Amino acid sequence: MSDYRNMWKSLGINMEAHDRLLEILPPTYLDVYLSQENRPQNMDYFDFVVNEIHGLRIQELQEHKKKGGKVIGAFCVFVPEEIIRAAGGICIGLCSGVEMGAAEAERVLPKNICPLIKSFMGFKMAKVCPYFESCDIVVGETTCDGKKKAFEILNDFVPVHVMETPQMKREKDRTLWLSEVNDFKTNMENFTGQNISTESLAKSIQEVNAKRQALLRLSELRKHDPAPISGKDCLLIEQIAMYDDVPRFTEKVNSLCEELENKVAEGKGVAPKGTPRIIVTGTPMAIPNWKVPHIIESSGAVIVAEEMCTGLRYFENTVSEASNIDEMLENIAARYLGVNCAVFTPNPGRLERLVQLAKDYRADGIIHCSLSFCDPYAIEANRVELAMKEAGIPLLKIETDYSQEDTGQLKTRVEAFLEMIK
Ligand code: SF4
Ligand code: SF4
């Protein structure tokens with residue numbers, strides 16, 4: 001990696017803490033990723049992105065800012081990237097998948113809160129994330145109570161715009177969400193100083209759709225047995241999707257798909273035909289939270305789909321194209337409200353989708369993984385359990401956090417589950 005220290009210093013990064021953060025990543029990456037067998041060659045690009053995680057992309061963001069552009073951070077797949085891009089901004093998904101700055105975060109947050117919230121607050125307060133430090137504004141949402149209240153505190157450290165996301169999917173909720181999307185458009189135009197035109201919004205919709213279609217093409221390939229790519233590699237790609245340059249990322253995913261299509265035609269896979277096939281569902285897994293997928297795949301299974309926001313929920317629906325701005329905004333609002341997040345009540349769409357996915361991906365079982373203190377997913381696990389029982393799909397429920405302390409115990413449970421479904 002080139003020397004980016006001056007750039008980090010200019011962003012006000014706490015260099016000592018940042019060094020510690022970078023030390024965690026390479027050994028983890030080596031163990032979790034580079035040790036895999038039969039990896040596709042085109043994973044090279046994604047390895048490069050991780051290797052340059054706080055380098056090249058941050059430099060690109062700084063260049064964009066030097067030209068007067070804005071960088072906008074987001075924590076949820078409900079934030080419409082199309083609108084940010086149409087106003088000339090760059091949308092960055094802020095990750096929060098590692099425990100860092102917990103002591104700082106606990107100065108303003110309760111001890112028992114989900115690790116994702118604690119992590120983003122810790123990252124900001126300890127000044128360890130160059131993505132966070134590059135953001136001119138952060139977009140929050142009222143999805144869960146923890147995030148909703150934490151955004152009020154985060155606003156003390158960085159400007160936060162909160163979108164009110166509905167909890168239900170009735171007509172009046174759709175009306176509320178559409179008005180939030182319209183307000184967001186105006187807010188982004190004011191913030192970036194750039195008006196959104198019919199052309200810029202149409203182009204942005206096409207580019208983000210192309211990214212989603214590339215990811216969908218990749219996920220379709222995973223329906224084959226043997227699966228041509230590991231679930232860990234796919235999760236990594238889905239995590240990178242949230243912050244990489246959109247057209248470049250799309251092109252790289254499509255190149256990878258070409259390679260995988262050849263593998264499928266030759267009957268080659270990442271694991272032998274007949275390897276137990278698992279779908280992972282639950283709380284999104286932000287980079288570098290690879291613990292559970294690593295346990296599953298190193299116990300002799302292959303993950304074939306993620307029913308998560310770092311997964312299918314992020315890319316399975318595209319925005320319908322339209323010829324005028326109002327219609328485009330309506331289509332954007334409709335697409336986003338199609339997300340089956342556990343914050344909705346009731347949320348039958350997620351259960352129906354899971355049953356369908358298990359059929360489509362010929363899954364042998366589902367592993368439901370929620371983060372500790374993540375009420376929406378931990379509680380919805382009960383509905384998932386009942387629905388899977390009714391559909392005759394084996395399910396394992398796991399609750400965990402970002403520490404490595406429970407690795408041994410989780411591995412034992414996953415191995416026993418795999419033994420049962422073989
Ligand atoms: S799980 Fe829900 S709140 Fe979390 S990122 Fe996904 S849509 Fe947003
Ligand atoms: S939805 Fe769950 S994981 Fe996400 S911020 Fe809320 S409590 Fe945390």
# chains A, B, ... in the order shown; residues from 1 in each chain; ligands from 1
$ residues_around --residues "stretch 2-9 of chain A" --least-positions-apart "3" --cutoff "10 Å" --atoms "only C-alpha atoms" --output "PyMOL selection string"
chain A and resi 12-15+18+52+54-56+58-59+62+128-130+133-134
$ write_last_selection --atoms "N, CA, C and O atoms" --output "PDB file, in the first residue's frame"
ATOM      1  N   GLY A  12      -7.407  14.526  10.173  1.00  0.00           N
ATOM      2  CA  GLY A  12      -7.562  14.586  11.627  1.00  0.00           C
ATOM      3  C   GLY A  12      -7.669  13.216  12.277  1.00  0.00           C
ATOM      4  O   GLY A  12      -8.168  13.088  13.398  1.00  0.00           O
ATOM      5  N   ILE A  13      -7.221  12.180  11.571  1.00  0.00           N
ATOM      6  CA  ILE A  13      -7.312  10.809  12.104  1.00  0.00           C
ATOM      7  C   ILE A  13      -6.396  10.655  13.324  1.00  0.00           C
ATOM      8  O   ILE A  13      -5.287  11.196  13.362  1.00  0.00           O
ATOM      9  N   ASN A  14      -6.883   9.919  14.317  1.00  0.00           N
ATOM     10  CA  ASN A  14      -6.062   9.579  15.478  1.00  0.00           C
ATOM     11  C   ASN A  14      -5.122   8.457  15.021  1.00  0.00           C
ATOM     12  O   ASN A  14      -5.519   7.290  14.924  1.00  0.00           O
ATOM     13  N   MET A  15      -3.878   8.824  14.716  1.00  0.00           N
ATOM     14  CA  MET A  15      -2.979   7.899  14.019  1.00  0.00           C
ATOM     15  C   MET A  15      -2.676   6.641  14.833  1.00  0.00           C
ATOM     16  O   MET A  15      -2.591   5.547  14.287  1.00  0.00           O
ATOM     17  N   HIS A  18      -5.665   4.413  14.726  1.00  0.00           N
ATOM     18  CA  HIS A  18      -5.840   3.954  13.357  1.00  0.00           C
ATOM     19  C   HIS A  18      -4.843   2.838  13.027  1.00  0.00           C
ATOM     20  O   HIS A  18      -5.196   1.843  12.372  1.00  0.00           O
ATOM     21  N   GLU A  52      -6.309  -1.852   0.055  1.00  0.00           N
ATOM     22  CA  GLU A  52      -6.233  -0.380  -0.045  1.00  0.00           C
ATOM     23  C   GLU A  52      -7.380   0.262   0.731  1.00  0.00           C
ATOM     24  O   GLU A  52      -7.798   1.371   0.400  1.00  0.00           O
ATOM     25  N   HIS A  54      -8.166   1.902   3.343  1.00  0.00           N
ATOM     26  CA  HIS A  54      -8.164   3.303   3.781  1.00  0.00           C
ATOM     27  C   HIS A  54      -7.277   4.173   2.894  1.00  0.00           C
ATOM     28  O   HIS A  54      -6.848   5.239   3.301  1.00  0.00           O
ATOM     29  N   GLY A  55      -6.965   3.653   1.695  1.00  0.00           N
ATOM     30  CA  GLY A  55      -6.031   4.376   0.831  1.00  0.00           C
ATOM     31  C   GLY A  55      -6.673   4.966  -0.397  1.00  0.00           C
ATOM     32  O   GLY A  55      -7.193   6.086  -0.384  1.00  0.00           O
ATOM     33  N   LEU A  56      -6.667   4.154  -1.467  1.00  0.00           N
ATOM     34  CA  LEU A  56      -7.058   4.666  -2.775  1.00  0.00           C
ATOM     35  C   LEU A  56      -8.468   5.297  -2.805  1.00  0.00           C
ATOM     36  O   LEU A  56      -8.661   6.371  -3.353  1.00  0.00           O
ATOM     37  N   ILE A  58     -10.170   6.540  -0.379  1.00  0.00           N
ATOM     38  CA  ILE A  58     -10.181   7.790   0.399  1.00  0.00           C
ATOM     39  C   ILE A  58      -9.564   8.915  -0.443  1.00  0.00           C
ATOM     40  O   ILE A  58     -10.077  10.040  -0.464  1.00  0.00           O
ATOM     41  N   GLN A  59      -8.494   8.552  -1.160  1.00  0.00           N
ATOM     42  CA  GLN A  59      -7.871   9.552  -2.029  1.00  0.00           C
ATOM     43  C   GLN A  59      -8.878  10.039  -3.093  1.00  0.00           C
ATOM     44  O   GLN A  59      -8.972  11.233  -3.367  1.00  0.00           O
ATOM     45  N   GLN A  62     -11.186  12.454  -1.534  1.00  0.00           N
ATOM     46  CA  GLN A  62     -10.571  13.768  -1.315  1.00  0.00           C
ATOM     47  C   GLN A  62     -10.497  14.552  -2.610  1.00  0.00           C
ATOM     48  O   GLN A  62     -10.707  15.764  -2.637  1.00  0.00           O
ATOM     49  N   VAL A 128     -11.115   7.250  14.013  1.00  0.00           N
ATOM     50  CA  VAL A 128     -10.281   6.202  13.422  1.00  0.00           C
ATOM     51  C   VAL A 128     -10.664   5.850  11.985  1.00  0.00           C
ATOM     52  O   VAL A 128      -9.954   5.102  11.331  1.00  0.00           O
ATOM     53  N   CYS A 129     -11.806   6.372  11.508  1.00  0.00           N
ATOM     54  CA  CYS A 129     -12.251   5.921  10.185  1.00  0.00           C
ATOM     55  C   CYS A 129     -12.137   7.061   9.166  1.00  0.00           C
ATOM     56  O   CYS A 129     -12.862   8.051   9.235  1.00  0.00           O
ATOM     57  N   PRO A 130     -11.236   6.926   8.187  1.00  0.00           N
ATOM     58  CA  PRO A 130     -11.094   8.000   7.196  1.00  0.00           C
ATOM     59  C   PRO A 130     -12.345   8.195   6.336  1.00  0.00           C
ATOM     60  O   PRO A 130     -12.536   9.265   5.771  1.00  0.00           O
ATOM     61  N   GLU A 133     -14.438  10.427   8.514  1.00  0.00           N
ATOM     62  CA  GLU A 133     -13.837  11.770   8.564  1.00  0.00           C
ATOM     63  C   GLU A 133     -13.929  12.486   7.219  1.00  0.00           C
ATOM     64  O   GLU A 133     -13.708  13.693   7.146  1.00  0.00           O
ATOM     65  N   SER A 134     -14.202  11.737   6.146  1.00  0.00           N
ATOM     66  CA  SER A 134     -14.365  12.371   4.821  1.00  0.00           C
ATOM     67  C   SER A 134     -15.789  12.844   4.584  1.00  0.00           C
ATOM     68  O   SER A 134     -16.050  13.587   3.636  1.00  0.00           O
TER      69      SER A 134
END
$ residues_near_ligand --ligand "ligand 2" --cutoff "7 Å" --atoms "only C-alpha atoms and all ligand atoms" --output "JSON, numbers by chain"
{"A": [114, 115, 116, 117, 143, 144, 145, 146, 147, 283, 284, 371, 373, 374, 375, 376, 377]}
$ write_last_selection --atoms "all heavy atoms" --output "compact mmCIF listing (two decimals), in the first residue's frame"
# COMPACT_ATOMS: atom_id res chain seq x y z
N CYS A 114 -26.61 -2.33 20.72
CA CYS A 114 -26.09 -3.23 19.69
C CYS A 114 -24.69 -2.79 19.25
O CYS A 114 -24.37 -1.60 19.24
CB CYS A 114 -27.05 -3.30 18.50
SG CYS A 114 -26.65 -2.20 17.17
N PRO A 115 -23.85 -3.77 18.91
CA PRO A 115 -22.46 -3.47 18.58
C PRO A 115 -22.30 -2.55 17.38
O PRO A 115 -21.32 -1.80 17.29
CB PRO A 115 -21.83 -4.83 18.29
CG PRO A 115 -22.91 -5.83 18.34
CD PRO A 115 -24.14 -5.20 18.90
N LEU A 116 -23.30 -2.57 16.47
CA LEU A 116 -23.20 -1.73 15.29
C LEU A 116 -23.29 -0.24 15.67
O LEU A 116 -22.50 0.58 15.22
CB LEU A 116 -24.34 -2.12 14.34
CG LEU A 116 -24.17 -1.80 12.88
CD1 LEU A 116 -24.81 -2.90 12.04
CD2 LEU A 116 -24.78 -0.48 12.52
N ILE A 117 -24.20 0.07 16.55
CA ILE A 117 -24.35 1.47 16.98
C ILE A 117 -23.12 1.89 17.80
O ILE A 117 -22.57 2.97 17.60
CB ILE A 117 -25.65 1.64 17.80
CG1 ILE A 117 -26.86 1.37 16.90
CG2 ILE A 117 -25.73 3.04 18.42
CD1 ILE A 117 -28.20 1.42 17.61
N THR A 143 -35.11 3.86 11.64
CA THR A 143 -35.44 2.44 11.57
C THR A 143 -35.59 1.86 12.98
O THR A 143 -36.69 1.59 13.42
CB THR A 143 -34.40 1.67 10.73
OG1 THR A 143 -33.11 2.11 11.08
CG2 THR A 143 -34.63 1.84 9.25
N CYS A 144 -34.50 1.70 13.71
CA CYS A 144 -34.66 1.15 15.07
C CYS A 144 -34.46 2.26 16.11
O CYS A 144 -33.86 3.29 15.81
CB CYS A 144 -33.71 -0.01 15.30
SG CYS A 144 -32.01 0.49 15.50
N ASP A 145 -34.95 2.03 17.32
CA ASP A 145 -34.87 3.06 18.36
C ASP A 145 -33.43 3.44 18.68
O ASP A 145 -33.11 4.60 18.93
CB ASP A 145 -35.56 2.57 19.64
CG ASP A 145 -37.07 2.60 19.49
OD1 ASP A 145 -37.54 3.18 18.49
OD2 ASP A 145 -37.76 2.05 20.36
N GLY A 146 -32.57 2.41 18.71
CA GLY A 146 -31.16 2.66 19.06
C GLY A 146 -30.53 3.65 18.09
O GLY A 146 -29.91 4.64 18.50
N LYS A 147 -30.71 3.39 16.79
CA LYS A 147 -30.11 4.29 15.80
C LYS A 147 -30.76 5.67 15.88
O LYS A 147 -30.07 6.69 15.87
CB LYS A 147 -30.33 3.71 14.39
CG LYS A 147 -29.25 2.74 13.97
CD LYS A 147 -29.08 2.73 12.46
CE LYS A 147 -29.65 1.49 11.86
NZ LYS A 147 -29.50 1.44 10.41
N THR A 283 -29.42 -9.79 10.94
CA THR A 283 -28.85 -8.45 11.01
C THR A 283 -27.74 -8.33 9.96
O THR A 283 -26.96 -9.26 9.80
CB THR A 283 -28.21 -8.21 12.39
OG1 THR A 283 -29.08 -8.70 13.40
CG2 THR A 283 -27.95 -6.75 12.64
N PRO A 284 -27.64 -7.19 9.27
CA PRO A 284 -26.56 -7.06 8.29
C PRO A 284 -25.17 -7.23 8.91
O PRO A 284 -24.98 -6.93 10.09
CB PRO A 284 -26.74 -5.64 7.73
CG PRO A 284 -27.87 -5.02 8.44
CD PRO A 284 -28.51 -6.03 9.32
N LEU A 371 -27.40 -9.71 15.85
CA LEU A 371 -26.42 -9.11 16.76
C LEU A 371 -27.05 -8.98 18.14
O LEU A 371 -28.27 -8.74 18.25
CB LEU A 371 -26.02 -7.72 16.26
CG LEU A 371 -25.04 -7.66 15.10
CD1 LEU A 371 -24.84 -6.21 14.66
CD2 LEU A 371 -23.69 -8.26 15.47
N PHE A 373 -28.49 -7.46 21.36
CA PHE A 373 -29.23 -6.21 21.60
C PHE A 373 -29.86 -5.62 20.33
O PHE A 373 -30.28 -4.48 20.33
CB PHE A 373 -28.36 -5.14 22.28
CG PHE A 373 -27.71 -5.63 23.54
CD1 PHE A 373 -26.33 -5.83 23.60
CD2 PHE A 373 -28.47 -5.92 24.66
CE1 PHE A 373 -25.73 -6.30 24.75
CE2 PHE A 373 -27.87 -6.39 25.82
CZ PHE A 373 -26.51 -6.58 25.87
N CYS A 374 -29.87 -6.39 19.24
CA CYS A 374 -30.59 -5.93 18.04
C CYS A 374 -32.01 -6.47 18.16
O CYS A 374 -32.32 -7.56 17.70
CB CYS A 374 -29.92 -6.44 16.77
SG CYS A 374 -30.94 -6.12 15.30
N ASP A 375 -32.90 -5.69 18.78
CA ASP A 375 -34.27 -6.16 19.03
C ASP A 375 -35.02 -6.56 17.77
O ASP A 375 -35.66 -7.62 17.75
CB ASP A 375 -35.07 -5.10 19.80
CG ASP A 375 -34.58 -4.96 21.23
OD1 ASP A 375 -33.84 -5.86 21.68
OD2 ASP A 375 -34.93 -3.97 21.89
N PRO A 376 -35.01 -5.75 16.70
CA PRO A 376 -35.85 -6.12 15.55
C PRO A 376 -35.56 -7.55 15.05
O PRO A 376 -36.48 -8.33 14.84
CB PRO A 376 -35.48 -5.08 14.49
CG PRO A 376 -34.94 -3.91 15.25
CD PRO A 376 -34.31 -4.46 16.49
N TYR A 377 -34.29 -7.87 14.87
CA TYR A 377 -33.96 -9.20 14.33
C TYR A 377 -34.06 -10.29 15.38
O TYR A 377 -34.53 -11.40 15.10
CB TYR A 377 -32.59 -9.18 13.62
CG TYR A 377 -32.73 -8.50 12.29
CD1 TYR A 377 -32.48 -7.14 12.15
CD2 TYR A 377 -33.21 -9.19 11.19
CE1 TYR A 377 -32.67 -6.49 10.94
CE2 TYR A 377 -33.41 -8.55 9.97
CZ TYR A 377 -33.14 -7.21 9.86
OH TYR A 377 -33.36 -6.59 8.65
$ residues_near_ligand --ligand "ligand 1" --cutoff "7 Å" --atoms "only C-alpha atoms and all ligand atoms" --output "compact mmCIF listing (two decimals) with N, CA and C atoms, in the first residue's frame"
# COMPACT_ATOMS: atom_id res chain seq x y z
N PHE A 75 -25.97 4.68 6.80
CA PHE A 75 -25.87 3.46 7.61
C PHE A 75 -26.91 2.43 7.25
N CYS A 76 -27.76 2.76 6.30
CA CYS A 76 -28.91 1.88 6.08
C CYS A 76 -29.19 1.81 4.59
N VAL A 77 -29.67 0.67 4.13
CA VAL A 77 -29.98 0.53 2.71
C VAL A 77 -31.24 1.29 2.30
N PHE A 78 -31.84 2.00 3.25
CA PHE A 78 -32.99 2.84 2.92
C PHE A 78 -32.60 4.20 2.35
N THR A 143 -35.11 3.86 11.64
CA THR A 143 -35.44 2.44 11.57
C THR A 143 -35.59 1.86 12.98
N CYS A 144 -34.50 1.70 13.71
CA CYS A 144 -34.66 1.15 15.07
C CYS A 144 -34.46 2.26 16.11
N THR A 283 -29.42 -9.79 10.94
CA THR A 283 -28.85 -8.45 11.01
C THR A 283 -27.74 -8.33 9.96
N PRO A 284 -27.64 -7.19 9.27
CA PRO A 284 -26.56 -7.06 8.29
C PRO A 284 -25.17 -7.23 8.91
N MET A 308 -30.06 -10.56 3.81
CA MET A 308 -29.61 -9.51 4.73
C MET A 308 -29.45 -8.21 3.91
N CYS A 309 -29.18 -7.11 4.61
CA CYS A 309 -28.94 -5.86 3.88
C CYS A 309 -27.55 -5.88 3.25
N VAL A 339 -38.00 -3.21 0.73
CA VAL A 339 -37.00 -3.90 1.57
C VAL A 339 -37.71 -4.56 2.76
N CYS A 341 -37.02 -5.28 5.87
CA CYS A 341 -36.25 -5.12 7.11
C CYS A 341 -37.14 -5.52 8.30
N ALA A 342 -36.51 -6.05 9.34
CA ALA A 342 -37.27 -6.49 10.52
C ALA A 342 -37.88 -5.33 11.29
N VAL A 343 -37.58 -4.09 10.93
CA VAL A 343 -38.19 -2.97 11.65
C VAL A 343 -39.66 -2.80 11.25
$ closest_residue --among "A:Asp173, A:Glu321, A:Glu63, A:Glu189" --to "A:Val208" --atoms "only C-alpha atoms"
A:Glu321
$ closest_residue --among "A:Lys169, A:Ile137, A:Arg39, A:Lys65" --to "A:Pro346" --atoms "only C-alpha atoms"
A:Lys169
$ residues_around --residues "A:Ala103" --least-positions-apart "4" --cutoff "12 Å" --atoms "only C-alpha atoms" --output "mmCIF file with N, CA, C and O atoms, in the first residue's frame"
data_model
loop_
_atom_site.group_PDB
_atom_site.id
_atom_site.type_symbol
_atom_site.label_atom_id
_atom_site.label_comp_id
_atom_site.auth_asym_id
_atom_site.auth_seq_id
_atom_site.Cartn_x
_atom_site.Cartn_y
_atom_site.Cartn_z
ATOM 1 N N GLU A 99 -15.340 -3.838 16.780
ATOM 2 C CA GLU A 99 -15.402 -3.073 18.032
ATOM 3 C C GLU A 99 -14.174 -2.173 18.110
ATOM 4 O O GLU A 99 -13.054 -2.641 18.094
ATOM 5 N N ARG A 107 -19.126 6.657 26.687
ATOM 6 C CA ARG A 107 -19.266 7.959 27.375
ATOM 7 C C ARG A 107 -20.614 8.589 27.041
ATOM 8 O O ARG A 107 -21.149 9.378 27.816
ATOM 9 N N VAL A 108 -21.147 8.262 25.870
ATOM 10 C CA VAL A 108 -22.408 8.897 25.463
ATOM 11 C C VAL A 108 -23.550 7.907 25.253
ATOM 12 O O VAL A 108 -24.701 8.304 25.070
ATOM 13 N N LEU A 109 -23.222 6.616 25.241
ATOM 14 C CA LEU A 109 -24.251 5.599 24.978
ATOM 15 C C LEU A 109 -24.306 4.609 26.137
ATOM 16 O O LEU A 109 -23.298 4.413 26.825
ATOM 17 N N PRO A 110 -25.449 3.934 26.331
ATOM 18 C CA PRO A 110 -25.476 2.884 27.360
ATOM 19 C C PRO A 110 -24.555 1.726 26.969
ATOM 20 O O PRO A 110 -24.268 1.521 25.784
ATOM 21 N N LYS A 111 -24.138 0.973 27.971
ATOM 22 C CA LYS A 111 -23.215 -0.144 27.725
ATOM 23 C C LYS A 111 -23.881 -1.225 26.861
ATOM 24 O O LYS A 111 -23.297 -1.748 25.936
ATOM 25 N N LYS A 118 -22.718 0.991 18.690
ATOM 26 C CA LYS A 118 -21.548 1.329 19.519
ATOM 27 C C LYS A 118 -20.321 1.535 18.631
ATOM 28 O O LYS A 118 -19.517 2.430 18.843
ATOM 29 N N SER A 119 -20.218 0.703 17.593
ATOM 30 C CA SER A 119 -19.065 0.789 16.708
ATOM 31 C C SER A 119 -19.063 2.111 15.928
ATOM 32 O O SER A 119 -18.043 2.782 15.839
ATOM 33 N N MET A 121 -20.469 4.950 16.672
ATOM 34 C CA MET A 121 -20.212 6.079 17.567
ATOM 35 C C MET A 121 -18.734 6.070 17.990
ATOM 36 O O MET A 121 -18.089 7.117 18.054
ATOM 37 N N GLY A 122 -18.227 4.868 18.261
ATOM 38 C CA GLY A 122 -16.815 4.731 18.655
ATOM 39 C C GLY A 122 -15.877 5.178 17.549
ATOM 40 O O GLY A 122 -14.901 5.886 17.790
ATOM 41 N N PHE A 123 -16.202 4.787 16.310
ATOM 42 C CA PHE A 123 -15.365 5.187 15.164
ATOM 43 C C PHE A 123 -15.293 6.713 15.076
ATOM 44 O O PHE A 123 -14.241 7.286 14.857
ATOM 45 N N MET A 125 -16.059 9.024 17.465
ATOM 46 C CA MET A 125 -15.481 9.716 18.624
ATOM 47 C C MET A 125 -13.976 9.486 18.730
ATOM 48 O O MET A 125 -13.232 10.357 19.154
ATOM 49 N N ALA A 126 -13.526 8.271 18.324
ATOM 50 C CA ALA A 126 -12.083 7.991 18.416
ATOM 51 C C ALA A 126 -11.343 8.473 17.164
ATOM 52 O O ALA A 126 -10.125 8.388 17.096
#
$ select_by_dssp --residues "stretch 13-222 of chain A" --states "helix (DSSP H, G or I)" --output "PyMOL selection string"
chain A and resi 15-34+41-51+56-66+81-86+102-108+115-126+130-134+145-154+171-192+198-221
$ residues_around --residues "A:Leu410" --least-positions-apart "3" --cutoff "12 Å" --atoms "only C-alpha atoms" --output "JSON, numbers by chain"
{"A": [291, 292, 293, 294, 295, 296, 299, 367, 369, 396, 397, 398, 399, 400, 401, 404, 405, 406, 407, 413, 414, 415, 416, 417]}
$ select_by_dssp --residues "stretch 84-319 of chain A" --states "strand (DSSP E)" --output "number ranges by chain"
A: 90-93, 137-141, 160-163, 277-282, 302-307
$ atom_distance --atom1 "atom CA of A:Ile379" --atom2 "atom CA of A:Gly101"
27.7 Å
$ residues_around --residues "stretch 384-390 of chain A" --least-positions-apart "4" --cutoff "9 Å" --atoms "only C-alpha atoms" --output "PyMOL selection string"
chain A and resi 350-352+354-355+366+368+380+394-397
$ write_last_selection --atoms "N, CA and C atoms" --output "mmCIF file, in the first residue's frame"
data_model
loop_
_atom_site.group_PDB
_atom_site.id
_atom_site.type_symbol
_atom_site.label_atom_id
_atom_site.label_comp_id
_atom_site.auth_asym_id
_atom_site.auth_seq_id
_atom_site.Cartn_x
_atom_site.Cartn_y
_atom_site.Cartn_z
ATOM 1 N N ARG A 350 -40.662 -10.937 4.534
ATOM 2 C CA ARG A 350 -39.351 -11.557 4.795
ATOM 3 C C ARG A 350 -39.500 -13.076 4.927
ATOM 4 N N LEU A 351 -40.560 -13.510 5.596
ATOM 5 C CA LEU A 351 -40.762 -14.951 5.811
ATOM 6 C C LEU A 351 -41.050 -15.653 4.475
ATOM 7 N N GLU A 352 -41.927 -15.016 3.683
ATOM 8 C CA GLU A 352 -42.252 -15.614 2.374
ATOM 9 C C GLU A 352 -41.003 -15.679 1.500
ATOM 10 N N LEU A 354 -37.902 -15.872 2.434
ATOM 11 C CA LEU A 354 -36.964 -16.892 2.920
ATOM 12 C C LEU A 354 -37.347 -18.281 2.429
ATOM 13 N N VAL A 355 -38.642 -18.574 2.481
ATOM 14 C CA VAL A 355 -39.099 -19.892 2.022
ATOM 15 C C VAL A 355 -38.800 -20.030 0.524
ATOM 16 N N ILE A 366 -31.126 -22.978 7.059
ATOM 17 C CA ILE A 366 -30.996 -21.522 7.202
ATOM 18 C C ILE A 366 -30.356 -21.223 8.557
ATOM 19 N N HIS A 368 -30.004 -18.200 11.185
ATOM 20 C CA HIS A 368 -30.486 -16.857 11.515
ATOM 21 C C HIS A 368 -29.511 -16.253 12.508
ATOM 22 N N GLU A 380 -37.748 -10.936 15.812
ATOM 23 C CA GLU A 380 -38.358 -11.518 14.611
ATOM 24 C C GLU A 380 -37.893 -12.959 14.365
ATOM 25 N N PRO A 394 -34.883 -26.679 7.930
ATOM 26 C CA PRO A 394 -34.109 -26.651 9.177
ATOM 27 C C PRO A 394 -33.522 -25.258 9.447
ATOM 28 N N LEU A 395 -33.583 -24.831 10.705
ATOM 29 C CA LEU A 395 -33.124 -23.485 11.060
ATOM 30 C C LEU A 395 -32.258 -23.526 12.319
ATOM 31 N N LEU A 396 -31.184 -22.764 12.304
ATOM 32 C CA LEU A 396 -30.372 -22.586 13.511
ATOM 33 C C LEU A 396 -30.372 -21.097 13.842
ATOM 34 N N LYS A 397 -30.658 -20.788 15.130
ATOM 35 C CA LYS A 397 -30.664 -19.366 15.543
ATOM 36 C C LYS A 397 -29.403 -19.072 16.342
#
$ residues_around --residues "A:Ala334" --least-positions-apart "2" --cutoff "10 Å" --atoms "only C-alpha atoms" --output "tab-separated table (two decimals) with C-alpha atoms, in the first residue's frame"
chain	number	residue	atom	x	y	z
A	174	ARG	CA	-46.09	5.00	1.45
A	177	TRP	CA	-42.06	7.85	2.73
A	178	LEU	CA	-42.56	9.50	-0.66
A	317	ASN	CA	-35.18	-4.86	-6.58
A	318	THR	CA	-34.28	-2.21	-9.11
A	319	VAL	CA	-35.87	1.22	-9.64
A	320	SER	CA	-38.21	1.34	-12.65
A	328	MET	CA	-38.71	8.70	-10.90
A	329	LEU	CA	-38.98	9.77	-7.26
A	330	GLU	CA	-42.15	7.70	-6.87
A	331	ASN	CA	-40.35	4.69	-8.31
A	332	ILE	CA	-37.39	5.25	-6.00
A	336	TYR	CA	-36.93	1.18	-1.17
A	337	LEU	CA	-40.15	0.35	0.62
A	338	GLY	CA	-39.86	-3.13	-0.85
A	339	VAL	CA	-37.00	-3.90	1.57
$ atom_distance --atom1 "atom CA of A:Glu16" --atom2 "atom CA of A:Phe120"
18.2 Å
$ closest_residue --among "A:Pro26, A:Pro276, A:Gly408, A:Pro166" --to "A:Asp364" --atoms "only C-alpha atoms"
A:Pro276
$ closest_residue --among "A:Phe151, A:Tyr131, A:Phe46, A:Tyr361" --to "A:Ile279" --atoms "only C-alpha atoms"
A:Tyr361
$ residues_around --residues "A:Ala74" --least-positions-apart "4" --cutoff "6 Å" --atoms "only C-alpha atoms" --output "PDB file with all heavy atoms, in the first residue's frame"
ATOM      1  N   GLY A  93     -21.313   3.894   2.259  1.00  0.00           N
ATOM      2  CA  GLY A  93     -21.898   3.123   3.356  1.00  0.00           C
ATOM      3  C   GLY A  93     -20.864   3.024   4.462  1.00  0.00           C
ATOM      4  O   GLY A  93     -19.757   2.541   4.231  1.00  0.00           O
ATOM      5  N   LEU A  94     -21.194   3.542   5.628  1.00  0.00           N
ATOM      6  CA  LEU A  94     -20.218   3.492   6.730  1.00  0.00           C
ATOM      7  C   LEU A  94     -20.361   2.138   7.407  1.00  0.00           C
ATOM      8  O   LEU A  94     -21.474   1.676   7.661  1.00  0.00           O
ATOM      9  CB  LEU A  94     -20.473   4.645   7.696  1.00  0.00           C
ATOM     10  CG  LEU A  94     -20.205   6.018   7.072  1.00  0.00           C
ATOM     11  CD1 LEU A  94     -20.760   7.127   7.952  1.00  0.00           C
ATOM     12  CD2 LEU A  94     -18.730   6.248   6.818  1.00  0.00           C
ATOM     13  N   VAL A 138     -23.955  13.038   7.310  1.00  0.00           N
ATOM     14  CA  VAL A 138     -24.342  11.640   7.445  1.00  0.00           C
ATOM     15  C   VAL A 138     -25.870  11.585   7.381  1.00  0.00           C
ATOM     16  O   VAL A 138     -26.549  12.448   7.936  1.00  0.00           O
ATOM     17  CB  VAL A 138     -23.819  11.069   8.791  1.00  0.00           C
ATOM     18  CG1 VAL A 138     -24.471   9.745   9.112  1.00  0.00           C
ATOM     19  CG2 VAL A 138     -22.302  10.921   8.748  1.00  0.00           C
ATOM     20  N   VAL A 139     -26.394  10.583   6.670  1.00  0.00           N
ATOM     21  CA  VAL A 139     -27.846  10.435   6.599  1.00  0.00           C
ATOM     22  C   VAL A 139     -28.268   9.292   7.518  1.00  0.00           C
ATOM     23  O   VAL A 139     -27.832   8.155   7.362  1.00  0.00           O
ATOM     24  CB  VAL A 139     -28.315  10.150   5.151  1.00  0.00           C
ATOM     25  CG1 VAL A 139     -29.840  10.155   5.074  1.00  0.00           C
ATOM     26  CG2 VAL A 139     -27.734  11.172   4.202  1.00  0.00           C
TER      27      VAL A 139
END
